[in-house]
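Okay, structure first, notes after.
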Amino acid sequence: MSWTEDLRRAPRRYSQLGFQTNLDKFARMPWGLVAMIIGLAIMGAAMLYSSTINNPDSSGMAVRHFIRFCIFFVLMMGLAITPLRFWLHLAFPAYAATLLLLIAVEFIGVSGGGAERWLKVGPIRIQPSELMKIALVLALARYYHIILAENSGGFLLHLPVLALIAAPAFLVMRQPDLGTALTLVAVGLVMVYFAGLYWRLIFASLISGLVSIPIVYLYLLKPYQIARIETLWNPKADPLGAGYQSEQAKIAIGSGGWNGKGFTQGTQSQLDFIPEQHTDFIFTVIAEEFGFLGSFSLLTLWACVIVWGVIIGMRSYSLFGRFAAIGAVATIAFYVMFNIGMVAGLLPVVGIPLPLISYGGTAMLTVMAAFGLILSVDIHREAKPDR
């Protein structure tokens with residue numbers, strides 16, 4: 001066989017050995033999912049433009065939002081072609097390093113918005129609690145990849161997982177950041193469920209959680225967090241105080257009607273009745289300007305993204321890939337669920353942004369890293385990293 005024939009057959013032999021060239025990986029990319037991600041980011045930039053058009057202090061947010069997205073998009077594509085074995089080896093070190101950063105926040109954290117959540121490194125501010133969302137998913141995925149056996153749902157198997165979840169959740173609650181702590185716990189429990197926990201143990205855990213609610217309410221929550229929860233049950237009790245955002249959000253959503261008032265034509269958004277409408281409450285701008293049809297279209301798009309991610313996880317040949325994708329999808333799904341529930345008055349105000357729509361750098365980095373992990377699982381779905 002000539003050397004030219006050998007060179008021509010080399011890519012095929014590479015593929016048979018489990019390797020892929022970057023060109024092969026891009027060919028396997030789920031471009032439909034990528035297109036949906038780009039569409040959500042463009043929608044976010046448009047809504048940020050509308051919500052800040054009459055506010056000189058916030059001018060340029062839409063442009064900065066899209067520039068950040070472009071930078072993180074390149075990062076996402078780089079993570080997507082990264083082999084699963086890299087994610088596997090990164091899992092425990094990333095978790096340990098991020099946990100140390102959360103501990104550092106306790107001593108040298110920078111305050112903002114009434115909480116101590118950031119570490120300042122020169123001109124850069126890092127929010128370790130956001131990074132922990134991905135680090136926790138990787139750590140749990142690696143743990144289950146190592147020890148999980150078929151039909152294994154015993155409680156002792158999951159005790160280390162509960163410790164991995166509880167440690168960062170406790171540190172985040174102390175900042176305080178109730179929304180992120182709830183997200184960490186919720187994502188962790190979703191992964192525990194997919195690991196095959198017996199139903200009787202799930203039921204016992206739910207009962208234990210319900211019993212512990214009074215303890216959490218009385219001893220762990222801050223006064224302003226208690227006020228937000230009480231406002232959820234009776235928002236009209238303090239319409240100009242704790243219930244102001246929720247009441248104004250409902251007015252904006254209701255005033256949008258079926259078709260909405262039109263782009264940049266919303267009265268609640270343009271007259272700046274809703275605080276933080278460019279971050280946590282940006283869904284109100286969409287609902288008022290595009291009505292039920294626009295809101296439903298956005299939620300349908302997010303539903304398609306989430307279902308596609310779950311399908312990617314289920315198609316993975318390896319346990320690590322399966323759990324990593326499910327954990328990443330759950331992280332994104334809880335962002336959307338908590339934000340929409342908060343804006344609609346179904347959940348307390350917890351400060352969770354709407355992914356790719358709300359303005360914010362660290363949250364977007366977390367979401368794009370999660371998408372990069374999901375895409376990597378899809379591209380390398382036949383890979384089986386060693387236990």
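Following the order of the structure tokens, chains are lettered A, B, ..., residues in each are numbered from 1, and ligands are numbered from 1.
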Q: For segment 368-378 of chain A, work out the shell of residues within 8 Å, counting only C-alpha atoms and skipping chain neighbours fewer than 4 positions away, then give it as a VMD selection string.
A: chain A and resid 29 to 30 72 to 73 75 to 84 134 309 312 to 313 315 to 316 321 to 322 324 to 325 328 to 329 331 to 332 364
**Q.** Every residue of segment 91-327 of chain A that DSSP places in helix (DSSP H, G or I), as a PyMOL selection string
**A.** chain A and resi 91-108+128-147+155-173+178-194+199-220+223-233+235-237+244-255+267-270+283-315+319-327
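Separating atom CA of Leu88 of chain A from atom CA of Trp302 of chain A is a distance of 27.6 Å.
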Q) Quick one: residues within 10 Å of segment 186-192 of chain A, only C-alpha atoms counted, chain neighbours fewer than 6 positions away excluded, as JSON, numbers by chain? A) {"A": [133, 136, 137, 140, 141, 144, 153, 158, 161, 162, 164, 165, 166, 180, 202, 322, 323, 324, 326, 327, 328, 329, 330, 331, 332, 333, 334]}
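Nearest residue to Arg142 of chain A among A:Val121, A:Ala249, A:Ala94, A:Leu102 is A:Ala94, counting only C-alpha atoms.
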(Q) Just want the 9 Å neighbourhood of segment 257-259 of chain A, counted on only C-alpha atoms, with same-chain residues fewer than 5 positions away dropped. Output as a PyMOL selection string. (A) chain A and resi 287-294
Q.
Please identify the strand (DSSP E) residues within segment 89-198 of chain A (assignment by DSSP from backbone atoms) and present them as number ranges by chain.
A. A: 110-112, 115-121, 124-126
Q) Quick one, how far is atom CA of Tyr317 of chain A from atom CA of Glu382 of chain A? A) 5.4 Å
Q) Which one of A:Val110, A:Ser59, A:Pro168, A:Ala46 sits closest to Ala97 of chain A if you count only C-alpha atoms? A) A:Pro168
Q.
I'd like the contact shell of segment 33-44 of chain A - 8 Å cut-off, only C-alpha atoms, skipping same-chain residues fewer than 4 positions apart - returned as a PyMOL selection string.
A. chain A and resi 48+62+65-66+69+301+305+308+356-358
Q) In Å, how far is it from atom CA of Ala252 of chain A to atom CA of Phe281 of chain A? A) 10.4 Å
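Taking only C-alpha atoms, the non-local environment of segment 127-131 of chain A within 9 Å (same-chain residues fewer than 3 positions away omitted) comprises A:Thr98, A:Leu99, A:Leu101, A:Leu102, A:Val105, A:Arg117, A:Trp118, A:Leu119, A:Lys120, A:Ile134, A:Ala135, A:Leu136, A:Pro168, A:Ala169, A:Leu171, A:Val172, A:Asp177, A:Thr180, A:Ala181, A:Thr362, A:Ala363, A:Leu365, A:Thr366.
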Q.
List the spatial neighbours of segment 270-278 of chain A as a PyMOL selection string - criterion: any atom at most 10 Å away, only C-alpha atoms, same-chain residues fewer than 6 positions off excluded.
A. chain A and resi 44+47-55+58+61-62+244-249+251-252+264+284-285+351+353+357-360
